Structure formats: C-alpha cells, structure tokens
file input.txt (compact mmCIF, C-alpha atoms and all ligand atoms)
# COMPACT_ATOMS: atom_id res chain seq x y z
CA MET A 1 109.02 74.63 125.46
CA SER A 2 110.87 77.35 123.74
CA LYS A 3 109.04 78.99 120.88
CA PHE A 4 111.35 79.70 117.95
CA TYR A 5 109.02 82.34 116.57
CA LEU A 6 109.44 84.57 119.63
CA GLU A 7 113.25 84.38 119.71
CA GLY A 8 116.19 86.00 117.91
CA ASN A 9 115.15 87.81 114.75
CA PHE A 10 111.74 86.13 114.75
CA ALA A 11 110.91 88.21 117.82
CA PRO A 12 108.60 91.16 117.16
CA VAL A 13 109.64 94.82 117.17
CA ARG A 14 107.65 97.26 119.25
CA ASP A 15 107.97 100.60 117.47
CA GLU A 16 106.38 101.85 114.27
CA MET A 17 109.04 104.08 112.75
CA THR A 18 109.44 106.49 109.85
CA ALA A 19 112.88 107.46 108.59
CA PHE A 20 113.90 109.47 105.55
CA ASP A 21 117.03 109.52 103.35
CA LEU A 22 118.53 106.29 104.58
CA PRO A 23 122.29 105.75 104.52
CA VAL A 24 123.39 103.67 101.52
CA GLU A 25 126.60 101.76 100.97
CA GLY A 26 127.16 101.30 97.22
CA ALA A 27 124.68 102.79 94.76
CA VAL A 28 120.92 102.28 94.52
CA PRO A 29 120.22 101.56 90.83
CA PRO A 30 118.29 104.57 89.43
CA ALA A 31 116.10 102.08 87.55
CA LEU A 32 114.45 101.18 90.86
CA GLU A 33 111.52 103.60 91.19
CA GLY A 34 109.09 102.18 93.70
CA ARG A 35 108.94 100.49 97.06
CA TYR A 36 109.81 97.10 98.44
CA LEU A 37 107.04 96.07 100.85
CA ARG A 38 107.11 92.95 102.97
CA ASN A 39 104.60 91.47 105.40
CA GLY A 40 105.10 89.24 108.42
CA PRO A 41 103.75 88.31 111.82
CA ASN A 42 104.66 90.67 114.65
CA PRO A 43 102.76 89.62 117.79
CA THR A 44 101.50 92.64 119.72
CA THR A 45 102.04 90.85 123.00
CA GLY A 46 102.93 87.48 124.46
CA ASP A 47 102.69 84.17 122.61
CA PRO A 48 99.97 84.15 119.94
CA GLY A 49 100.10 80.31 119.82
CA HIS A 50 101.80 79.72 116.46
CA TRP A 51 104.37 81.34 114.15
CA PHE A 52 101.50 82.08 111.73
CA PHE A 53 99.34 83.83 114.35
CA GLY A 54 101.16 87.13 114.97
CA GLU A 55 99.49 90.39 113.90
CA GLY A 56 100.62 91.53 110.45
CA MET A 57 103.27 94.23 110.19
CA LEU A 58 104.49 95.74 106.93
CA HIS A 59 108.07 96.93 106.45
CA GLY A 60 108.71 99.12 103.42
CA VAL A 61 111.62 100.94 101.79
CA GLU A 62 111.03 103.41 98.97
CA LEU A 63 113.72 103.82 96.32
CA SER A 64 113.74 106.80 93.99
CA GLY A 65 116.35 108.69 91.95
CA GLY A 66 119.14 106.45 93.20
CA ARG A 67 118.27 107.18 96.83
CA ALA A 68 116.56 105.25 99.60
CA THR A 69 113.96 107.88 100.36
CA TRP A 70 112.18 106.29 103.30
CA TYR A 71 111.65 103.32 105.61
CA ARG A 72 108.37 102.70 107.35
CA ASN A 73 106.95 99.84 109.39
CA ARG A 74 103.25 99.71 110.25
CA TYR A 75 100.84 97.22 111.69
CA VAL A 76 97.99 96.40 109.33
CA ARG A 77 95.17 97.99 111.30
CA THR A 78 92.39 95.53 110.61
CA GLU A 79 89.22 95.61 112.70
CA SER A 80 90.62 92.61 114.57
CA PHE A 81 93.83 94.48 115.32
CA GLU A 82 91.99 97.56 116.52
CA ALA A 83 89.73 95.42 118.71
CA GLY A 84 92.60 93.35 120.12
CA ARG A 85 90.94 90.28 118.60
CA ARG A 86 93.46 87.45 118.16
CA ILE A 87 93.25 84.10 116.40
CA VAL A 88 93.46 82.29 119.72
CA GLY A 89 90.76 83.88 121.87
CA GLU A 90 90.81 84.39 125.63
CA ASN A 91 88.98 81.08 126.04
CA GLY A 92 91.60 79.17 124.03
CA MET A 93 89.21 78.66 121.08
CA LEU A 94 90.42 79.47 117.59
CA ASP A 95 88.67 82.52 116.17
CA LEU A 96 88.83 81.85 112.44
CA GLU A 97 87.14 85.17 111.69
CA ALA A 98 89.99 87.21 113.17
CA THR A 99 91.96 89.05 110.46
CA LEU A 100 95.71 89.27 110.97
CA ALA A 101 96.63 90.28 107.39
CA ASN A 102 100.16 89.01 108.07
CA THR A 103 101.28 86.91 105.10
CA HIS A 104 101.82 88.79 101.85
CA VAL A 105 101.38 92.20 100.27
CA ILE A 106 100.68 92.68 96.58
CA ALA A 107 99.52 95.37 94.18
CA HIS A 108 96.66 94.79 91.78
CA GLY A 109 94.27 97.09 89.95
CA GLY A 110 95.94 100.15 91.51
CA ARG A 111 95.43 98.90 95.06
CA ILE A 112 97.94 97.54 97.56
CA LEU A 113 96.51 94.58 99.45
CA ALA A 114 97.76 92.90 102.63
CA LEU A 115 96.75 89.24 102.54
CA VAL A 116 96.14 86.38 104.94
CA GLU A 117 94.51 83.15 103.88
CA ASN A 118 91.72 82.84 106.45
CA ARG A 119 90.10 86.16 105.51
CA GLY A 120 89.77 88.69 102.70
CA PRO A 121 92.34 91.36 101.78
CA THR A 122 93.04 94.59 103.63
CA GLU A 123 93.91 97.61 101.48
CA VAL A 124 96.83 99.81 102.52
CA THR A 125 98.38 102.92 101.01
CA ALA A 126 101.82 103.19 99.46
CA GLU A 127 102.89 104.74 102.80
CA LEU A 128 101.56 101.64 104.63
CA ASP A 129 98.54 103.28 106.26
CA THR A 130 95.51 101.00 106.45
CA VAL A 131 92.55 101.91 104.23
CA GLY A 132 90.30 99.00 105.27
CA PRO A 133 88.91 95.68 104.10
CA PHE A 134 88.67 95.17 100.35
CA ASP A 135 86.08 92.64 99.15
CA PHE A 136 85.99 93.41 95.41
CA GLY A 137 82.89 95.54 95.78
CA GLY A 138 81.08 92.90 97.82
CA ARG A 139 81.67 90.12 95.27
CA LEU A 140 84.31 88.20 97.26
CA THR A 141 82.40 86.06 99.76
CA THR A 142 85.19 83.64 100.74
CA ALA A 143 88.64 84.06 102.19
CA MET A 144 91.49 84.81 99.78
CA THR A 145 94.80 82.99 99.55
CA ALA A 146 97.91 85.05 100.30
CA HIS A 147 99.38 83.67 97.04
CA PRO A 148 97.30 84.95 94.13
CA LYS A 149 98.91 84.65 90.70
CA ARG A 150 98.79 87.45 88.17
CA CYS A 151 98.91 86.34 84.55
CA PRO A 152 101.66 88.43 82.93
CA VAL A 153 99.83 88.36 79.59
CA THR A 154 96.19 89.10 80.48
CA GLY A 155 96.89 90.95 83.75
CA GLU A 156 94.17 88.87 85.42
CA LEU A 157 94.58 87.94 89.07
CA HIS A 158 93.84 84.26 89.74
CA PHE A 159 93.32 83.16 93.33
CA PHE A 160 91.26 80.94 95.59
CA GLY A 161 89.76 80.82 99.03
CA TYR A 162 89.62 77.81 101.30
CA GLY A 163 87.97 77.11 104.59
CA VAL A 164 87.41 74.63 107.37
CA PHE A 165 83.69 74.62 106.54
CA PRO A 166 82.05 74.47 103.07
CA PRO A 167 82.71 75.81 100.57
CA LEU A 168 86.06 74.11 101.18
CA LEU A 169 87.69 75.50 98.02
CA THR A 170 86.59 78.30 95.70
CA TYR A 171 88.52 79.54 92.68
CA HIS A 172 88.33 83.23 91.78
CA ARG A 173 89.50 85.39 88.90
CA ALA A 174 89.70 89.18 88.85
CA ASP A 175 90.38 91.20 85.72
CA ALA A 176 93.35 93.53 85.36
CA ALA A 177 91.35 96.43 86.81
CA GLY A 178 90.50 94.42 89.92
CA ASN A 179 86.89 93.43 89.13
CA LEU A 180 85.99 89.94 90.32
CA VAL A 181 84.69 88.20 87.20
CA GLN A 182 84.56 84.50 88.11
CA SER A 183 84.02 82.50 91.30
CA GLU A 184 83.85 78.74 91.03
CA GLU A 185 83.47 76.22 93.82
CA ILE A 186 85.90 73.30 93.42
CA THR A 187 85.02 69.91 94.89
CA VAL A 188 87.63 68.40 97.22
CA PRO A 189 87.23 65.44 99.59
CA GLY A 190 88.06 67.28 102.79
CA PRO A 191 89.24 70.46 104.49
CA THR A 192 92.98 70.64 103.81
CA MET A 193 95.39 73.54 104.25
CA LEU A 194 95.77 75.05 100.76
CA HIS A 195 98.44 77.71 101.05
CA ASP A 196 99.46 78.24 97.43
CA PHE A 197 98.56 77.11 93.92
CA ALA A 198 99.75 77.73 90.36
CA ILE A 199 98.69 78.93 86.95
CA THR A 200 100.08 78.28 83.51
CA GLU A 201 99.26 79.73 80.11
CA HIS A 202 96.35 77.28 79.82
CA SER A 203 95.62 75.91 83.31
CA VAL A 204 94.91 76.56 86.96
CA VAL A 205 96.59 74.08 89.31
CA PHE A 206 95.39 73.18 92.82
CA MET A 207 97.30 71.09 95.37
CA ASP A 208 95.07 69.01 97.66
CA LEU A 209 97.67 67.62 100.07
CA PRO A 210 97.30 65.64 103.31
CA VAL A 211 97.52 68.38 105.94
CA VAL A 212 93.93 68.15 107.06
CA CYS A 213 91.81 70.11 109.53
CA ASP A 214 91.52 68.30 112.86
CA PRO A 215 88.55 69.70 114.79
CA SER A 216 90.13 68.63 118.08
CA LEU A 217 92.83 71.24 117.42
CA LEU A 218 90.30 74.09 117.28
CA MET A 219 90.63 74.21 121.07
CA ALA A 220 94.39 73.59 121.19
CA GLY A 221 95.54 77.17 120.57
CA THR A 222 97.64 76.27 117.52
CA MET A 223 97.16 75.65 113.77
CA PRO A 224 94.10 73.35 113.44
CA TYR A 225 95.73 71.16 110.77
CA ARG A 226 97.80 68.02 111.01
CA TRP A 227 99.34 65.38 108.75
CA SER A 228 97.02 62.57 107.64
CA ASP A 229 98.34 59.17 106.54
CA ASP A 230 94.97 58.41 104.95
CA TYR A 231 93.95 61.48 102.96
CA GLY A 232 96.18 60.94 99.93
CA ALA A 233 97.60 63.70 97.74
CA ARG A 234 96.32 65.06 94.47
CA ILE A 235 97.00 67.81 91.98
CA GLY A 236 93.97 69.30 90.24
CA VAL A 237 94.26 70.86 86.79
CA MET A 238 91.46 73.09 85.53
CA PRO A 239 91.57 74.73 82.11
CA ARG A 240 91.62 78.52 82.49
CA GLY A 241 88.09 79.73 82.02
CA GLY A 242 86.81 76.25 82.95
CA SER A 243 84.71 75.08 85.85
CA ASN A 244 84.69 72.46 88.61
CA ALA A 245 83.44 69.84 86.13
CA ASP A 246 86.59 70.36 84.04
CA VAL A 247 89.08 69.71 86.86
CA ARG A 248 91.25 66.61 86.36
CA TRP A 249 92.94 65.18 89.44
CA PHE A 250 96.35 63.52 89.40
CA ASP A 251 97.47 61.40 92.37
CA VAL A 252 100.97 62.12 93.71
CA GLU A 253 103.07 60.77 96.57
CA PRO A 254 101.91 62.28 99.87
CA CYS A 255 103.87 65.40 100.79
CA TYR A 256 103.22 69.00 101.69
CA VAL A 257 103.91 72.19 99.76
CA PHE A 258 103.52 75.67 101.13
CA HIS A 259 105.02 77.38 98.10
CA VAL A 260 105.19 77.03 94.36
CA LEU A 261 108.23 78.46 92.58
CA ASN A 262 106.47 78.44 89.21
CA ALA A 263 104.52 76.29 86.78
CA ALA A 264 104.41 76.20 83.00
CA GLU A 265 103.33 74.17 79.99
CA PRO A 266 106.51 74.32 77.91
CA THR A 267 104.99 71.99 75.30
CA ALA A 268 101.38 71.06 74.65
CA GLY A 269 100.07 68.58 77.21
CA ARG A 270 103.17 68.73 79.44
CA LEU A 271 102.62 70.67 82.67
CA GLU A 272 105.58 71.29 85.00
CA ILE A 273 105.15 72.50 88.59
CA ASP A 274 108.24 73.40 90.63
CA VAL A 275 107.66 73.49 94.38
CA ALA A 276 109.39 73.54 97.77
CA ARG A 277 108.30 70.05 98.87
CA TYR A 278 108.14 68.75 102.44
CA PRO A 279 108.14 64.93 102.72
CA HIS A 280 105.53 65.48 105.43
CA LEU A 281 104.41 68.29 107.72
CA TRP A 282 102.98 68.57 111.24
CA ARG A 283 102.84 64.85 111.87
CA ASP A 284 103.73 65.19 115.56
CA SER A 285 103.81 68.92 116.25
CA GLN A 286 102.49 72.06 114.60
CA ASP A 287 105.90 73.68 115.23
CA ALA A 288 107.83 71.00 113.29
CA PHE A 289 109.12 71.78 109.80
CA GLU A 290 111.05 69.05 108.01
CA PRO A 291 113.44 70.26 105.28
CA ALA A 292 111.71 71.28 102.05
CA THR A 293 113.60 70.86 98.79
CA LEU A 294 112.92 71.99 95.24
CA HIS A 295 110.96 69.33 93.37
CA ARG A 296 109.32 69.20 89.98
CA TRP A 297 106.09 67.45 89.13
CA THR A 298 105.68 66.82 85.40
CA LEU A 299 102.12 66.00 84.43
CA ASP A 300 101.39 64.31 81.13
CA LEU A 301 97.91 65.58 80.43
CA ALA A 302 97.33 62.98 77.69
CA THR A 303 98.24 59.85 79.65
CA GLY A 304 97.39 61.16 83.14
CA THR A 305 100.80 60.19 84.51
CA VAL A 306 102.95 62.24 86.90
CA LYS A 307 106.72 62.19 87.14
CA GLU A 308 108.31 63.58 90.29
CA GLU A 309 111.95 64.56 90.63
CA ALA A 310 114.16 66.43 93.07
CA LEU A 311 115.86 69.40 91.36
CA ASP A 312 118.20 70.22 94.25
CA ASP A 313 119.01 68.87 97.70
CA ARG A 314 119.24 72.12 99.66
CA ALA A 315 116.59 72.89 102.26
CA VAL A 316 114.81 76.02 101.02
CA GLU A 317 111.68 78.09 101.44
CA PHE A 318 110.11 81.26 100.03
CA PRO A 319 110.79 80.41 96.35
CA ARG A 320 110.23 83.27 93.93
CA VAL A 321 110.35 83.76 90.19
CA ASP A 322 110.34 86.81 87.94
CA GLU A 323 106.71 87.99 88.21
CA ARG A 324 106.70 88.60 84.44
CA LEU A 325 107.10 84.84 83.91
CA VAL A 326 104.48 83.50 86.31
CA GLY A 327 102.89 80.53 84.56
CA ARG A 328 105.39 80.65 81.70
CA PRO A 329 108.72 78.87 81.25
CA ALA A 330 111.26 80.71 83.42
CA ARG A 331 114.95 79.99 83.55
CA PHE A 332 115.78 81.41 86.98
CA GLY A 333 114.32 81.05 90.46
CA TYR A 334 115.29 82.27 93.92
CA ALA A 335 114.79 80.89 97.43
CA VAL A 336 116.03 81.24 101.00
CA HIS A 337 118.35 78.49 102.21
CA THR A 338 116.76 77.19 105.43
CA ARG A 339 117.51 75.03 108.43
CA PRO A 340 114.19 73.70 109.64
CA GLY A 341 113.73 71.09 112.32
CA ARG A 342 111.51 69.34 114.79
CA ASP A 343 111.04 72.39 117.00
CA GLY A 344 110.90 75.14 114.45
CA PHE A 345 112.37 76.85 111.49
CA ALA A 346 115.52 78.84 110.80
CA MET A 347 117.05 80.64 107.87
CA GLU A 348 120.63 80.02 106.70
CA ALA A 349 122.86 82.92 105.73
CA ALA A 350 122.28 82.52 101.99
CA LEU A 351 119.93 83.07 99.12
CA VAL A 352 119.93 80.44 96.37
CA LYS A 353 119.56 81.15 92.66
CA TYR A 354 118.45 78.23 90.52
CA ASP A 355 119.26 78.01 86.82
CA LEU A 356 116.51 75.63 85.75
CA ALA A 357 117.89 75.42 82.21
CA THR A 358 121.30 74.07 83.19
CA GLY A 359 120.36 72.51 86.54
CA THR A 360 123.01 74.57 88.30
CA THR A 361 122.76 76.84 91.33
CA GLU A 362 124.53 79.84 92.76
CA GLU A 363 124.45 81.13 96.30
CA HIS A 364 124.72 84.61 97.67
CA ARG A 365 126.20 84.30 101.13
CA PHE A 366 125.79 87.41 103.24
CA GLY A 367 128.51 86.53 105.73
CA PRO A 368 128.52 85.03 109.23
CA GLY A 369 125.40 85.88 111.20
CA ARG A 370 123.82 87.77 108.30
CA THR A 371 120.56 86.10 107.42
CA PRO A 372 118.22 87.06 104.59
CA GLY A 373 114.47 86.77 104.27
CA GLU A 374 112.65 86.16 100.99
CA GLY A 375 114.40 87.55 97.90
CA VAL A 376 112.26 89.39 95.34
CA LEU A 377 113.42 89.89 91.76
CA VAL A 378 112.90 93.38 90.34
CA PRO A 379 113.52 93.72 86.58
CA ALA A 380 115.80 96.57 85.52
CA SER A 381 113.00 97.72 83.21
CA ALA A 382 109.64 96.43 82.04
CA ASP A 383 111.15 94.72 79.00
CA ALA A 384 114.54 93.80 80.50
CA GLY A 385 115.81 90.23 80.06
CA GLU A 386 115.05 87.73 82.78
CA ASP A 387 118.50 88.05 84.34
CA ASP A 388 118.70 91.82 83.94
CA GLY A 389 117.51 92.98 87.33
CA TYR A 390 118.01 93.03 91.06
CA VAL A 391 117.15 90.78 93.97
CA LEU A 392 115.97 92.64 97.06
CA ALA A 393 115.89 91.15 100.55
CA TYR A 394 115.92 92.30 104.15
CA VAL A 395 118.99 90.91 105.92
CA HIS A 396 119.47 90.61 109.67
CA ASP A 397 122.95 90.96 111.18
CA ALA A 398 123.12 89.02 114.44
CA ALA A 399 126.35 90.76 115.53
CA THR A 400 124.67 94.15 115.72
CA ASP A 401 121.05 92.94 115.93
CA SER A 402 120.26 95.29 113.07
CA SER A 403 118.84 94.91 109.58
CA HIS A 404 119.50 96.27 106.14
CA LEU A 405 117.98 96.08 102.69
CA SER A 406 120.33 94.27 100.38
CA ILE A 407 120.17 94.86 96.60
CA LEU A 408 121.91 92.15 94.58
CA ASP A 409 122.68 92.10 90.86
CA ALA A 410 120.68 89.10 89.63
CA SER A 411 123.19 88.41 86.83
CA ASP A 412 126.19 88.48 89.21
CA PHE A 413 124.48 86.82 92.10
CA ALA A 414 127.41 85.79 94.28
CA ALA A 415 129.07 89.22 94.03
CA SER A 416 128.91 91.87 96.74
CA PRO A 417 125.56 93.69 96.86
CA VAL A 418 125.28 96.68 94.52
CA ALA A 419 123.70 98.54 97.43
CA THR A 420 123.12 98.03 101.12
CA VAL A 421 120.53 100.31 102.72
CA THR A 422 120.89 100.83 106.45
CA LEU A 423 117.57 100.58 108.27
CA PRO A 424 116.75 102.38 111.51
CA GLN A 425 115.61 99.21 113.26
CA ARG A 426 115.64 95.44 113.05
CA VAL A 427 113.24 93.86 110.54
CA PRO A 428 112.04 90.53 111.96
CA PHE A 429 111.99 87.47 109.71
CA GLY A 430 108.62 87.56 108.03
CA PHE A 431 106.85 85.97 105.13
CA HIS A 432 106.34 87.53 101.70
CA GLY A 433 106.68 90.81 99.90
CA SER A 434 106.47 92.61 96.58
CA TRP A 435 108.17 95.32 94.65
CA VAL A 436 105.45 97.90 94.00
CA ALA A 437 106.64 100.10 91.15
CA ASP A 438 105.28 103.63 90.82
CA THR A 439 103.46 102.42 87.69
CA GLU A 440 101.37 100.02 89.85
CA LEU A 441 99.80 102.84 91.85
CA ARG A 442 96.49 104.53 91.12
CA ARG A 443 96.81 108.05 89.91
FE FE A 501 103.30 81.76 101.92
call {"tool": "encode", "arguments": {"input": "input.txt", "output": "structure tokens", "more": "lines below"}}
Ligand SMILES: [Fe+2]
result
Amino acid sequence: MSKFYLEGNFAPVRDEMTAFDLPVEGAVPPALEGRYLRNGPNPTTGDPGHWFFGEGMLHGVELSGGRATWYRNRYVRTESFEAGRRIVGENGMLDLEATLANTHVIAHGGRILALVENRGPTEVTAELDTVGPFDFGGRLTTAMTAHPKRCPVTGELHFFGYGVFPPLLTYHRADAAGNLVQSEEITVPGPTMLHDFAITEHSVVFMDLPVVCDPSLLMAGTMPYRWSDDYGARIGVMPRGGSNADVRWFDVEPCYVFHVLNAAEPTAGRLEIDVARYPHLWRDSQDAFEPATLHRWTLDLATGTVKEEALDDRAVEFPRVDERLVGRPARFGYAVHTRPGRDGFAMEAALVKYDLATGTTEEHRFGPGRTPGEGVLVPASADAGEDDGYVLAYVHDAATDSSHLSILDASDFAASPVATVTLPQRVPFGFHGSWVADTELRR
C-alpha cells in the first residue's frame, strides 16, 4: 500500500543546509525582526510506520532589516536520534520512550523548545542547533503536549502530558520565566489520544475523545490508538488555578479533534471552543483522515448544556489564531484547506481566513500546484491591531519541486504576497511552527 507520507512533498529531504541572504520577490516588512521556525517529521530512512513517526526536522528563516538573512534546516538531535532509536523498534514493538521532537517548536522563558507529545521538550538554539532535553529543572516528570497555551496576560505556559499508562493525564503550569509551578493529575476513564487542549481567561479545557489506546496495536508498527464506539466524548473544564476535584465534564457527540483554533469566555458562564472537528478518526485504518471542519462548542457553565455548530464546511487543518488572543475573544483565525481521505491526507492550494465576527471567510490561493503548510500570524508590532500583521507559511511548488516562504498581508489576505522568499531546497509538509521574535530570546 502506498504511504502518502513518503510521497510528493511529504517525502523527507536528505541535506541539512545553511544559506544566507536569500532572494526575495517583493519586500520583507522591516517590522519582522525574528525567525519563522517550523517542525515536522523527516524520516531518516525507510518507512517509520506512520506519518507521525518521522524524526523531527526544523526549518527556519530569519528576517531582519527587511532582508531574509538566512535559511537553515536541522534535525533535532535528541538522544534517540543520535542512537538511531525509532518509535517502531527493530522487533516491531512500539518504543514509547523514543523522542522524535517532531511536532511543534515554541519559545518560552527565553528558551526555544522542540515538542512531541510522547516525551518532554528538547531545547534548541535560535540557529536550530540542539542543546538537549529540557525538563524544567527536573520538575517535569510526564510527557508534554506539543500544543501548550501561553496566556497573553499572565505569560504563564499551560500544558499537559498524557500517556498510555498512569498517570493518564497531568495538567501543568509554568510561569512566564519557565519555572514549573503546578502539576495536577486529572482523572479520565481511559488512555485516549489527547493532542491539544484550550485555555480561556478563567478556565483550562481538556478534550477526552474516543480515540483510545489499543494494546494490540503496540506490536502493529503504527499509532497505537483507534476509534472506539463505546468510550463516549467529554469536555472537561477546570478553573485556572483549580485542581482535579474542580473539573466539570460535559458530554458531547463523539468526534475527534487534533487542533483547537481558540477558546474564550466572551460573557460570564459562556465558554466557546472552536476546533477542527473530525466526525470520527482511525476507525478502520491509522492512515485514514476524514475531513475536519471548523466547529464551535458553546458550553453553558450554569446549566451544563453544550451547543455544537458547524462554522464552515471546508475541510481544514492546522488552525491558528493571533497568539496575543489565545484564550480571549478573537475575530480572525487561519487554517490550511485540506483534502484528506481514506488512505491519507493532502493539502489544498489555499489558506483560509475566518472572520468569526461576521461568519465570512477569505481564501489565499497560491496558484496551481502551490501548496501551503500551516500559516502563522505575526503582528506588525506588539500592540498592533488583530488584523495588522502578516501570515507566514512555507509553500511548495509542484512544478519546480521547490519551496518558498510566503508573507501575506493579513488585512488584504487574498492579495499577492507582500514578499516571497526563495529557499535553497524543498521544505516538506510538516506540522507546526512559531514566529520567534528577537524579544523572545535570552540575552
Ligand atoms: Fe498538532
């Protein structure tokens, strides 16, 4: 059976490259002082067994003074990478202790961290060299989700770890300086795949959805989770600063969600969570991805009721919001238009911009054969308006089998890019990335 994640622009690149002063078409906005870093799986050899199992490779472009000053791509050199230790071992058994660090890259407390959800973070430098494992000074004793949420008001980093074995779910909170200040085990009925979660001004939100660990898959060389018709689906709401005893669970229709766009409590007692929702996932095959569409759950915290509604009918993934509005009401969101199916996953040639206030959408279409990855909003300045900024994405051009960094004006989304940065090699489709401004780095 063909494996979509080894073909086309999912296929790995072999070289780690460094290039300076990249050619630019258009003009790099001088406001952009920092680097766009993005993580993704890049199997070192052969078939790792699943799209999610390739070794993590970072691709970065630094922008400064209106120039694209460098491009680098580097494997995250975890101990597993250096030892050639893969998630699927030689004997076909899953090795859940292997660290691929392939899912996201964020900055917090002056550190840049490559993340993967089965293990702790790996620190890297702003030039993408690996520093080593980072365990919050020994205080982090569980895995760490690749989707932590930083509160834009307190600067705290909220996250969780989950596992196949107890503790199944643990909530963590680090302060703005990166000190782990709270770890709280959360009771759930079983070992589900918890990829993402949400925060609001007042709450932490967990999604306990029916993609459940199947021990028989630990020997199958693929993801050890499958759809369950019996598990049910629940959203847990914990007051920020609360504990396991304070979590309230709300039943929802069974579904799966990898990614949250955002959540907020626009009025007291009304909690909205916007997600890319799959009607089900991995019922028959761990390579099958049904279309996910943007949905909103509205929780009435007084009555305990949940309303669910579709906000759009496009298949999308990799939803992102202005990081300054995480957990707060945001008007705009971004996602990649996708074309998933029974045998895999594909990206369409467009990014989608949602206007959640008017219920309208815009698309940026890159042209035939030009396919973007995740789009990341970068504000024009720290206090710029929500729509005053740029959306950055790596774009693959099938005609030339090359990639570029596209910089779009967020407020004129369908217009031609304000800048297109030519890259010295193809950037495979990956997962998630961040804009790491100079101000995020330790001095
Ligand atoms: Fe993710």
call {"tool": "atom_distance", "arguments": {"input": "input.txt", "atom1": "atom CA of Pro379 of chain A", "atom2": "atom CA of Ala31 of chain A"}}
result
8.8 Å
call {"tool": "closest_residue", "arguments": {"input": "input.txt", "among": "A:Pro319, A:Gly26, A:Gly344, A:Gly178", "to": "Ser406 of chain A", "atoms": "all atoms listed in the file"}}
result
A:Gly26
call {"tool": "atom_distance", "arguments": {"input": "input.txt", "atom1": "atom CA of Ala310 of chain A", "atom2": "atom CA of Trp282 of chain A"}}
result
21.4 Å
call {"tool": "closest_residue", "arguments": {"input": "input.txt", "among": "A:Gly92, A:Pro417, A:Pro148, A:Gly221", "to": "ligand FE 501 (chain A)", "atoms": "all atoms listed in the file"}}
result
A:Pro148
call {"tool": "residues_around", "arguments": {"input": "input.txt", "residues": "segment 125-127 of chain A", "least_positions_apart": "4", "cutoff": "12 Å", "atoms": "all atoms listed in the file", "output": "PyMOL selection string"}}
result
chain A and resi 17-19+34-37+58-62+69-77+105-107+110-114+131-132+434-443
call {"tool": "residues_around", "arguments": {"input": "input.txt", "residues": "Val188 of chain A", "least_positions_apart": "5", "cutoff": "8 Å", "atoms": "only C-alpha atoms", "output": "ChimeraX atom specification"}}
result
/A:168-169,208
call {"tool": "write_last_selection", "arguments": {"input": "input.txt", "atoms": "C-alpha atoms", "output": "JSON list (two decimals), in the coordinates of the input"}}
result
[["chain", "number", "residue", "atom", "x", "y", "z"],
["A", 168, "LEU", "CA", 86.06, 74.11, 101.18],
["A", 169, "LEU", "CA", 87.69, 75.50, 98.02],
["A", 208, "ASP", "CA", 95.07, 69.01, 97.66]]
call {"tool": "closest_atom_pairs", "arguments": {"input": "input.txt", "of": "chain A", "to": "ligand FE 501 (chain A)", "cutoff": "9 Å", "atoms": "all atoms listed in the file", "output": "tab-separated table"}}
result
residue	atom	partner	partner_atom	distance
A:Thr103	CA	A:FE501	FE	6.4
A:His104	CA	A:FE501	FE	7.2
A:Thr145	CA	A:FE501	FE	8.9
A:Ala146	CA	A:FE501	FE	6.5
A:His147	CA	A:FE501	FE	6.5
A:His195	CA	A:FE501	FE	6.4
A:Asp196	CA	A:FE501	FE	6.9
A:Phe258	CA	A:FE501	FE	6.1
A:His259	CA	A:FE501	FE	6.1
A:Phe318	CA	A:FE501	FE	7.1
A:Phe431	CA	A:FE501	FE	6.4
A:His432	CA	A:FE501	FE	6.5
call {"tool": "write_last_selection", "arguments": {"input": "input.txt", "atoms": "C-alpha atoms", "output": "CSV table (one decimal), keeping the file's coordinate frame"}}
result
chain,number,residue,atom,x,y,z
A,103,THR,CA,101.3,86.9,105.1
A,104,HIS,CA,101.8,88.8,101.8
A,145,THR,CA,94.8,83.0,99.6
A,146,ALA,CA,97.9,85.0,100.3
A,147,HIS,CA,99.4,83.7,97.0
A,195,HIS,CA,98.4,77.7,101.0
A,196,ASP,CA,99.5,78.2,97.4
A,258,PHE,CA,103.5,75.7,101.1
A,259,HIS,CA,105.0,77.4,98.1
A,318,PHE,CA,110.1,81.3,100.0
A,431,PHE,CA,106.8,86.0,105.1
A,432,HIS,CA,106.3,87.5,101.7
call {"tool": "residues_near_point", "arguments": {"input": "input.txt", "point": "(102.3, 66.2, 116.8)", "cutoff": "12 Å", "atoms": "all atoms listed in the file", "output": "PDB file with C-alpha atoms, in the frame of the given file"}}
result
ATOM      1  CA  ASP A 214      91.520  68.300 112.860  1.00  0.00           C
ATOM      2  CA  LEU A 217      92.830  71.240 117.420  1.00  0.00           C
ATOM      3  CA  ALA A 220      94.390  73.590 121.190  1.00  0.00           C
ATOM      4  CA  THR A 222      97.640  76.270 117.520  1.00  0.00           C
ATOM      5  CA  MET A 223      97.160  75.650 113.770  1.00  0.00           C
ATOM      6  CA  PRO A 224      94.100  73.350 113.440  1.00  0.00           C
ATOM      7  CA  TYR A 225      95.730  71.160 110.770  1.00  0.00           C
ATOM      8  CA  ARG A 226      97.800  68.020 111.010  1.00  0.00           C
ATOM      9  CA  TRP A 227      99.340  65.380 108.750  1.00  0.00           C
ATOM     10  CA  SER A 228      97.020  62.570 107.640  1.00  0.00           C
ATOM     11  CA  HIS A 280     105.530  65.480 105.430  1.00  0.00           C
ATOM     12  CA  LEU A 281     104.410  68.290 107.720  1.00  0.00           C
ATOM     13  CA  TRP A 282     102.980  68.570 111.240  1.00  0.00           C
ATOM     14  CA  ARG A 283     102.840  64.850 111.870  1.00  0.00           C
ATOM     15  CA  ASP A 284     103.730  65.190 115.560  1.00  0.00           C
ATOM     16  CA  SER A 285     103.810  68.920 116.250  1.00  0.00           C
ATOM     17  CA  GLN A 286     102.490  72.060 114.600  1.00  0.00           C
ATOM     18  CA  ASP A 287     105.900  73.680 115.230  1.00  0.00           C
ATOM     19  CA  ALA A 288     107.830  71.000 113.290  1.00  0.00           C
ATOM     20  CA  PHE A 289     109.120  71.780 109.800  1.00  0.00           C
ATOM     21  CA  ARG A 342     111.510  69.340 114.790  1.00  0.00           C
ATOM     22  CA  ASP A 343     111.040  72.390 117.000  1.00  0.00           C
TER      23      ASP A 343
END
call {"tool": "residues_around", "arguments": {"input": "input.txt", "residues": "Asp387 of chain A", "least_positions_apart": "5", "cutoff": "8 Å", "atoms": "only C-alpha atoms", "output": "list of chain:residue names"}}
result
A:Phe332, A:Pro379, A:Ala410, A:Ser411
call {"tool": "residues_near_point", "arguments": {"input": "input.txt", "point": "(96.4, 82.2, 117.4)", "cutoff": "8 Å", "atoms": "only C-alpha atoms", "output": "JSON, numbers by chain"}}
result
{"A": [48, 49, 50, 52, 53, 54, 86, 87, 88, 89, 94, 95, 221, 222, 223]}
call {"tool": "atom_distance", "arguments": {"input": "input.txt", "atom1": "atom CA of Arg339 of chain A", "atom2": "atom CA of Gly327 of chain A"}}
result
28.5 Å
